[in-house]
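The next block holds one structure in the form of structure tokens; read it before the comments.
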Amino acid sequence: MQGTLDGVPRLRGPLASPAFRVVAACNVISLTGSALALVALPFAVLEAGGSAADVGYVAAAQLVPLSVVLLAGGVVADRLPRHRVMAAANAVQAAARGGTAALLLTGQAQVWQLIVLTALGGAALGFFLPASQGLLPQTVPQDQLVPAYAIDRTGRNAAAIGGAALGGLLTGLAGPGWALAIDAASFALAGLLRVRLTLPSRPPDAAATTLLHDLREGWREFSSRRWLWASVAQFTLVVAVAVGTIDVLGPLAANARLGGAGSWGLIVAAYSAGAIAVGLVLIRLRPRRQLLAAIGAVPAFAMLLFALAAPLPLGVVLAASATAGACLELTEVCWGATLAQQIPPDRLSRIASYDQFGGLALSPLGAAVAGPLAAAFGTAAVLTAGGALIVVLPLLLLATVPEIRRLGAPAPPPPVKPAGAHGGPPHQPAASG
């Protein structure tokens with residue numbers, strides 16, 4: 001925000017776009033509610049008479065339908081107005097979460113009902129995510145994509161912190177039903193705002209095509225870019241390792257050696273603080289080679305795993321966690337901006353769905369094997385091995401896929417035209433790998 005106009009602050013950059021402001025605000029609203037639900041839902045399962053295993057079943061009930069419909073969701077988001085796809089998904093999510101809240105508040109909830117309603121919300125999320133990835137680049141010029149992603153993700157991270165804190169307080173004081181009711185209201189409000197968005201219309205499709213045709217076209221677009229599929233393959237493995245080590249073994253290490261749940265809460269908060277800090281920096285500064293920055297930042301995440309494995313003093317672990325959050329935020333922002341700049345807009349949601357599917361593909365396996373591996377070899381050994389993989393995988397990618405190092409490099413100066421030469425408008429190269 002810079003300058004004034006008749007005493008009124010004048011917005012600059014991505015915030016000058018009304019559509020971007022609505023998109024970012026909707027993300028904050030819905031992510032705050034989702035963070036509330038993340039805390040409240042396990043307690044909702046227990047309140048309904050469920051066991052610890054039932055908590056896991058309810059969590060899986062979201063992931064399975066999400067994975068099943070994700071690729072189809074990318075096709076739908078490339079065919080239809082993305083903000084309307086997101087609004088429709090929000091309506092389904094609001095109904096599913098509202099139904100869960102009503103069952104809890106009336107004392108009628110059963111675990112199977114929570115599983116069904118959570119699965120319904122997960123299916124809606126499979127349509128929401130690819131549309132969301134494709135929508136933001138429609139709201140700002142390409143040269144503002146990095147600060148736009150940075151602003152959006154900073155808002156999301158702040159919403160996650162505030163929503164989780166509010167969710168814990170509200171669940172403790174009033175019960176999980178009220179927290180989930182607020183989550184339902186957040187989906188409804190965000191959907192109403194999204195459906196009223198005004199965006200430039202996209203060119204109509206040249207001809208009607210089938211879902212299978214569009215999926216194949218998306219796969220050709222994805223597989224034709226070595227930098228893209230190789231990066232997604234690397235992210236798939238890194239995310240699986242991170243889920244198994246941080247989400248499963250991290251709390252165990254904190255409980256055994258760092259003082260318990262309170263220390264783990266501080267570690268998670270430090271991670272979010274690091275992510276917010278680098279997001280604020282990226283609003284002003286942006287890497288010249290965004291893909292190289294996205295991949296090159298990944299190894300620093302291993303610092304947190306090594307610090308937990310040692311274990312180092314809590315203060316050092318907090319610093320490592322903040323660094324990990326900062327570096328992974330750099331990856332998220334630069335990766336999102338790279339996809340938006342390199343992929344044709346009419347295929348962006350399909351590519352995003354393949355990317356997101358890769359992130360989900362091995363996560364359940366990572367979570368499932370972490371405990372048995374820790375029991376067999378020790379928590380510290382598994383954390384150390386996981387950290388080593390997170391260091392080696394991106395470095396191997398950088399060494400074997402030179403396009404990652406070159407993409408976004410400054411273009412050579414154009415040749416000097418001879419006197420009297422007449423040229424047309426400058427040629428715009430097609431997005432390619």
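As shown in the structure tokens, the chain order sets the letters A, B, ...; within each chain, residues go from 1, and ligands are also counted from 1 in the order they appear.
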
When you look at region 108-112 of chain A with a cut-off of 12 Å (counting only C-alpha atoms), what residues show up, excluding the ones that are within fewer than 4 positions of it in the same chain? I need them as a PDB file with C-alpha atoms, in the first residue's frame.
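Writing done, so here's selection19.pdb:
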```pdb
ATOM      1  CA  LEU A  41     -13.101 -32.990  14.708  1.00  0.00           C
ATOM      2  CA  PRO A  42     -11.079 -35.562  16.725  1.00  0.00           C
ATOM      3  CA  PHE A  43     -12.938 -34.487  19.867  1.00  0.00           C
ATOM      4  CA  ALA A  44     -16.205 -34.711  17.947  1.00  0.00           C
ATOM      5  CA  VAL A  45     -15.436 -38.359  17.176  1.00  0.00           C
ATOM      6  CA  LEU A  46     -14.704 -39.054  20.834  1.00  0.00           C
ATOM      7  CA  GLU A  47     -17.880 -37.229  21.893  1.00  0.00           C
ATOM      8  CA  ALA A  48     -19.836 -39.475  19.521  1.00  0.00           C
ATOM      9  CA  GLY A  49     -18.460 -42.522  21.355  1.00  0.00           C
ATOM     10  CA  GLY A  50     -15.621 -43.265  18.959  1.00  0.00           C
ATOM     11  CA  SER A  51     -12.201 -44.668  19.763  1.00  0.00           C
ATOM     12  CA  ALA A  52      -8.716 -43.551  18.813  1.00  0.00           C
ATOM     13  CA  ALA A  53      -8.951 -45.813  15.757  1.00  0.00           C
ATOM     14  CA  ASP A  54     -12.221 -44.110  14.780  1.00  0.00           C
ATOM     15  CA  VAL A  55     -10.410 -40.752  14.812  1.00  0.00           C
ATOM     16  CA  GLY A  56      -8.097 -42.182  12.153  1.00  0.00           C
ATOM     17  CA  TYR A  57     -11.015 -43.537  10.126  1.00  0.00           C
ATOM     18  CA  VAL A  58     -12.665 -40.125  10.058  1.00  0.00           C
ATOM     19  CA  ALA A  59      -9.415 -38.494   8.942  1.00  0.00           C
ATOM     20  CA  ALA A  61     -12.647 -40.486   5.160  1.00  0.00           C
ATOM     21  CA  GLY A  99     -24.854 -31.505   9.355  1.00  0.00           C
ATOM     22  CA  THR A 100     -22.013 -32.747  11.550  1.00  0.00           C
ATOM     23  CA  ALA A 101     -22.459 -29.782  13.906  1.00  0.00           C
ATOM     24  CA  ALA A 102     -26.224 -30.324  14.121  1.00  0.00           C
ATOM     25  CA  LEU A 103     -25.805 -34.008  14.993  1.00  0.00           C
ATOM     26  CA  LEU A 104     -23.313 -33.160  17.733  1.00  0.00           C
ATOM     27  CA  VAL A 116     -20.068 -40.154   5.661  1.00  0.00           C
ATOM     28  CA  LEU A 117     -20.282 -36.382   6.120  1.00  0.00           C
ATOM     29  CA  THR A 118     -16.497 -36.003   6.249  1.00  0.00           C
ATOM     30  CA  ALA A 119     -16.205 -38.049   3.036  1.00  0.00           C
ATOM     31  CA  PRO A 176     -16.726 -29.411  19.220  1.00  0.00           C
ATOM     32  CA  GLY A 177     -20.223 -28.946  17.813  1.00  0.00           C
TER      33      GLY A 177
END
```

How close does region 31-150 of chain A get to region 285-288 of chain A? List, as CSV, each residue of region 31-150 of chain A within 12 Å, its nearest atom pair and the distance in Å to one decimal, counting only C-alpha atoms.
```
residue,atom,partner,partner_atom,distance
A:Asp143,CA,A:Arg286,CA,10.2
A:Gln144,CA,A:Arg286,CA,9.7
A:Leu145,CA,A:Arg286,CA,9.7
A:Val146,CA,A:Arg286,CA,6.5
A:Pro147,CA,A:Arg286,CA,7.5
A:Ala148,CA,A:Arg286,CA,11.0
A:Tyr149,CA,A:Arg286,CA,10.9
A:Ala150,CA,A:Arg286,CA,9.6
```

Using only C-alpha atoms: which of A:Leu66, A:Leu36, A:Leu192, A:Ala89 has the shortest distance to Leu170 (chain A):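 Under the stated criterion, the closest residue is A:Leu36.
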
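Using only C-alpha atoms, the nearest neighbour of Trp227 (chain A) within the list A:Ser349, A:Ala294, A:Leu318, A:Ala385 is A:Ala294.
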
I want to know what sits within 12 Å of Ala174 (chain A), based on only C-alpha atoms, with residues of the same chain fewer than 5 positions away left out; could you give that as a list in words? Ala40, Phe43, Ala44, Leu104, Leu105, Leu166, Gly167, Gly168, Leu169, Ala179, Leu180, Ala181 and Ile182 of chain A

Produce a file of the selected residues containing N, CA and C atoms, as a short mmCIF file (atom, residue, chain, number, x, y, z; two decimals), in the first residue's frame.
```
data_model
loop_
_atom_site.label_atom_id
_atom_site.label_comp_id
_atom_site.auth_asym_id
_atom_site.auth_seq_id
_atom_site.Cartn_x
_atom_site.Cartn_y
_atom_site.Cartn_z
N ALA A 40 -11.21 -29.49 16.30
CA ALA A 40 -12.47 -29.95 16.91
C ALA A 40 -12.87 -31.34 16.49
N PHE A 43 -12.14 -34.49 18.64
CA PHE A 43 -12.94 -34.49 19.87
C PHE A 43 -14.41 -34.76 19.56
N ALA A 44 -14.84 -34.38 18.35
CA ALA A 44 -16.21 -34.71 17.95
C ALA A 44 -16.38 -36.22 17.83
N LEU A 104 -24.01 -33.25 16.45
CA LEU A 104 -23.31 -33.16 17.73
C LEU A 104 -24.10 -32.33 18.74
N LEU A 105 -24.63 -31.20 18.28
CA LEU A 105 -25.32 -30.29 19.21
C LEU A 105 -26.64 -30.88 19.70
N LEU A 166 -8.21 -20.60 18.31
CA LEU A 166 -9.63 -20.41 18.61
C LEU A 166 -10.37 -21.74 18.70
N GLY A 167 -9.97 -22.69 17.84
CA GLY A 167 -10.60 -24.00 17.87
C GLY A 167 -10.36 -24.72 19.18
N GLY A 168 -9.14 -24.66 19.70
CA GLY A 168 -8.86 -25.28 20.98
C GLY A 168 -9.65 -24.64 22.10
N LEU A 169 -9.72 -23.30 22.10
CA LEU A 169 -10.47 -22.60 23.15
C LEU A 169 -11.96 -22.90 23.07
N ALA A 179 -17.72 -25.35 17.39
CA ALA A 179 -16.58 -25.05 16.52
C ALA A 179 -16.87 -25.48 15.08
N LEU A 180 -17.49 -26.64 14.90
CA LEU A 180 -17.80 -27.11 13.56
C LEU A 180 -18.93 -26.29 12.93
N ALA A 181 -19.82 -25.77 13.75
CA ALA A 181 -20.87 -24.88 13.23
C ALA A 181 -20.25 -23.60 12.66
N ILE A 182 -19.24 -23.07 13.34
CA ILE A 182 -18.55 -21.88 12.82
C ILE A 182 -17.81 -22.21 11.53
#
```

Rows by chain and residue number, region 217-259 of chain A within 12 Å of region 332-343 of chain A, shortest pair, only C-alpha atoms, as a Markdown table:
```
| residue | atom | partner | partner_atom | distance |
| --- | --- | --- | --- | --- |
| A:Gly218 | CA | A:Ile343 | CA | 10.6 |
| A:Glu221 | CA | A:Ile343 | CA | 8.4 |
| A:Phe222 | CA | A:Ile343 | CA | 9.2 |
| A:Ser224 | CA | A:Ile343 | CA | 11.4 |
| A:Arg225 | CA | A:Ile343 | CA | 10.0 |
| A:Trp227 | CA | A:Leu339 | CA | 10.9 |
| A:Leu228 | CA | A:Leu339 | CA | 8.6 |
| A:Trp229 | CA | A:Leu339 | CA | 11.8 |
| A:Ser231 | CA | A:Trp335 | CA | 9.7 |
| A:Val232 | CA | A:Trp335 | CA | 10.3 |
| A:Phe235 | CA | A:Trp335 | CA | 10.9 |
```

Generate a file of the selected residues that holds N, CA and C atoms, formatted as a PDB file, in the first residue's frame.
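Contents of the output file again_18.pdb:
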```
ATOM      1  N   GLY A 218      -4.454 -33.319 -20.289  1.00  0.00           N
ATOM      2  CA  GLY A 218      -3.743 -32.837 -19.112  1.00  0.00           C
ATOM      3  C   GLY A 218      -2.501 -33.661 -18.823  1.00  0.00           C
ATOM      4  N   GLU A 221       0.204 -32.730 -21.253  1.00  0.00           N
ATOM      5  CA  GLU A 221       0.782 -31.445 -20.858  1.00  0.00           C
ATOM      6  C   GLU A 221       1.736 -31.629 -19.680  1.00  0.00           C
ATOM      7  N   PHE A 222       1.343 -32.469 -18.750  1.00  0.00           N
ATOM      8  CA  PHE A 222       2.150 -32.721 -17.554  1.00  0.00           C
ATOM      9  C   PHE A 222       3.415 -33.502 -17.898  1.00  0.00           C
ATOM     10  N   SER A 224       4.965 -33.919 -20.708  1.00  0.00           N
ATOM     11  CA  SER A 224       5.862 -33.368 -21.729  1.00  0.00           C
ATOM     12  C   SER A 224       6.910 -32.429 -21.151  1.00  0.00           C
ATOM     13  N   ARG A 225       6.777 -32.054 -19.894  1.00  0.00           N
ATOM     14  CA  ARG A 225       7.716 -31.135 -19.255  1.00  0.00           C
ATOM     15  C   ARG A 225       8.514 -31.897 -18.205  1.00  0.00           C
ATOM     16  N   TRP A 227      10.921 -30.947 -16.271  1.00  0.00           N
ATOM     17  CA  TRP A 227      11.096 -30.225 -15.015  1.00  0.00           C
ATOM     18  C   TRP A 227       9.861 -30.362 -14.135  1.00  0.00           C
ATOM     19  N   LEU A 228       8.673 -30.481 -14.764  1.00  0.00           N
ATOM     20  CA  LEU A 228       7.425 -30.540 -14.017  1.00  0.00           C
ATOM     21  C   LEU A 228       7.226 -31.911 -13.380  1.00  0.00           C
ATOM     22  N   TRP A 229       7.251 -32.978 -14.209  1.00  0.00           N
ATOM     23  CA  TRP A 229       6.968 -34.296 -13.620  1.00  0.00           C
ATOM     24  C   TRP A 229       8.079 -34.758 -12.688  1.00  0.00           C
ATOM     25  N   SER A 231       9.917 -32.757 -10.782  1.00  0.00           N
ATOM     26  CA  SER A 231       9.741 -32.008  -9.534  1.00  0.00           C
ATOM     27  C   SER A 231       8.598 -32.578  -8.714  1.00  0.00           C
ATOM     28  N   VAL A 232       7.484 -32.907  -9.367  1.00  0.00           N
ATOM     29  CA  VAL A 232       6.338 -33.465  -8.646  1.00  0.00           C
ATOM     30  C   VAL A 232       6.699 -34.829  -8.051  1.00  0.00           C
ATOM     31  N   PHE A 235       8.631 -34.057  -4.990  1.00  0.00           N
ATOM     32  CA  PHE A 235       7.751 -33.569  -3.929  1.00  0.00           C
ATOM     33  C   PHE A 235       6.929 -34.707  -3.328  1.00  0.00           C
TER      34      PHE A 235
END
```

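Taking only C-alpha atoms, the non-local environment of region 389-404 of chain A within 8 Å (same-chain residues fewer than 3 positions away omitted) comprises Arg226, Trp227, Ala230, Ser231, Gln234, Val238, Val241, Leu291, Leu292, Ile295, Gly296, Val298, Pro299, Ala300, Phe301, Ala302, Ala385, Gly386, Leu407 and Gly433 of chain A.
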
Given the selection you just returned, output its residues as a file containing C-alpha atoms, formatted as a short mmCIF file (atom, residue, chain, number, x, y, z; two decimals), in the first residue's frame.
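Done, and the output landed in selection_6.cif:
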```cif
data_model
loop_
_atom_site.label_atom_id
_atom_site.label_comp_id
_atom_site.auth_asym_id
_atom_site.auth_seq_id
_atom_site.Cartn_x
_atom_site.Cartn_y
_atom_site.Cartn_z
CA ARG A 226 10.55 -32.97 -17.59
CA TRP A 227 11.10 -30.22 -15.01
CA ALA A 230 10.42 -34.75 -12.09
CA SER A 231 9.74 -32.01 -9.53
CA GLN A 234 10.45 -35.44 -5.88
CA VAL A 238 9.51 -35.52 0.24
CA VAL A 241 8.83 -38.54 4.36
CA LEU A 291 11.83 -22.79 -9.91
CA LEU A 292 15.44 -23.04 -8.78
CA ILE A 295 13.60 -26.77 -5.34
CA GLY A 296 16.76 -25.38 -3.74
CA VAL A 298 13.67 -27.92 0.20
CA PRO A 299 16.83 -29.38 1.86
CA ALA A 300 16.68 -26.80 4.66
CA PHE A 301 13.52 -28.51 5.93
CA ALA A 302 15.75 -31.37 7.11
CA ALA A 385 17.29 -41.06 7.69
CA GLY A 386 14.24 -39.01 6.73
CA LEU A 407 14.04 -21.85 -16.22
CA GLY A 433 9.49 -26.96 -20.16
#
```

Between CA of Asn27 (chain A) and CA of Val248 (chain A), what is the distance, to one decimal in Å?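 Interatomic distance, CA of Asn27 (chain A) to CA of Val248 (chain A): 27.3 Å.
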
Selection near Ala159 (chain A), 9 Å with only C-alpha atoms, sequence-local residues under 2 positions removed, as number ranges by chain: A: 27-33, 35, 154-157, 161-164

Quote the spacing between CA of Ser34 (chain A) and CA of Ala185 (chain A) in Å to one decimal place.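 According to the coordinates, CA of Ser34 (chain A) and CA of Ala185 (chain A) are separated by 10.8 Å.
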
Show which residues sit within 8 Å of Leu120 (chain A), as a count of residues only. Count only C-alpha atoms, and ignore same-chain residues fewer than 3 positions away. 9
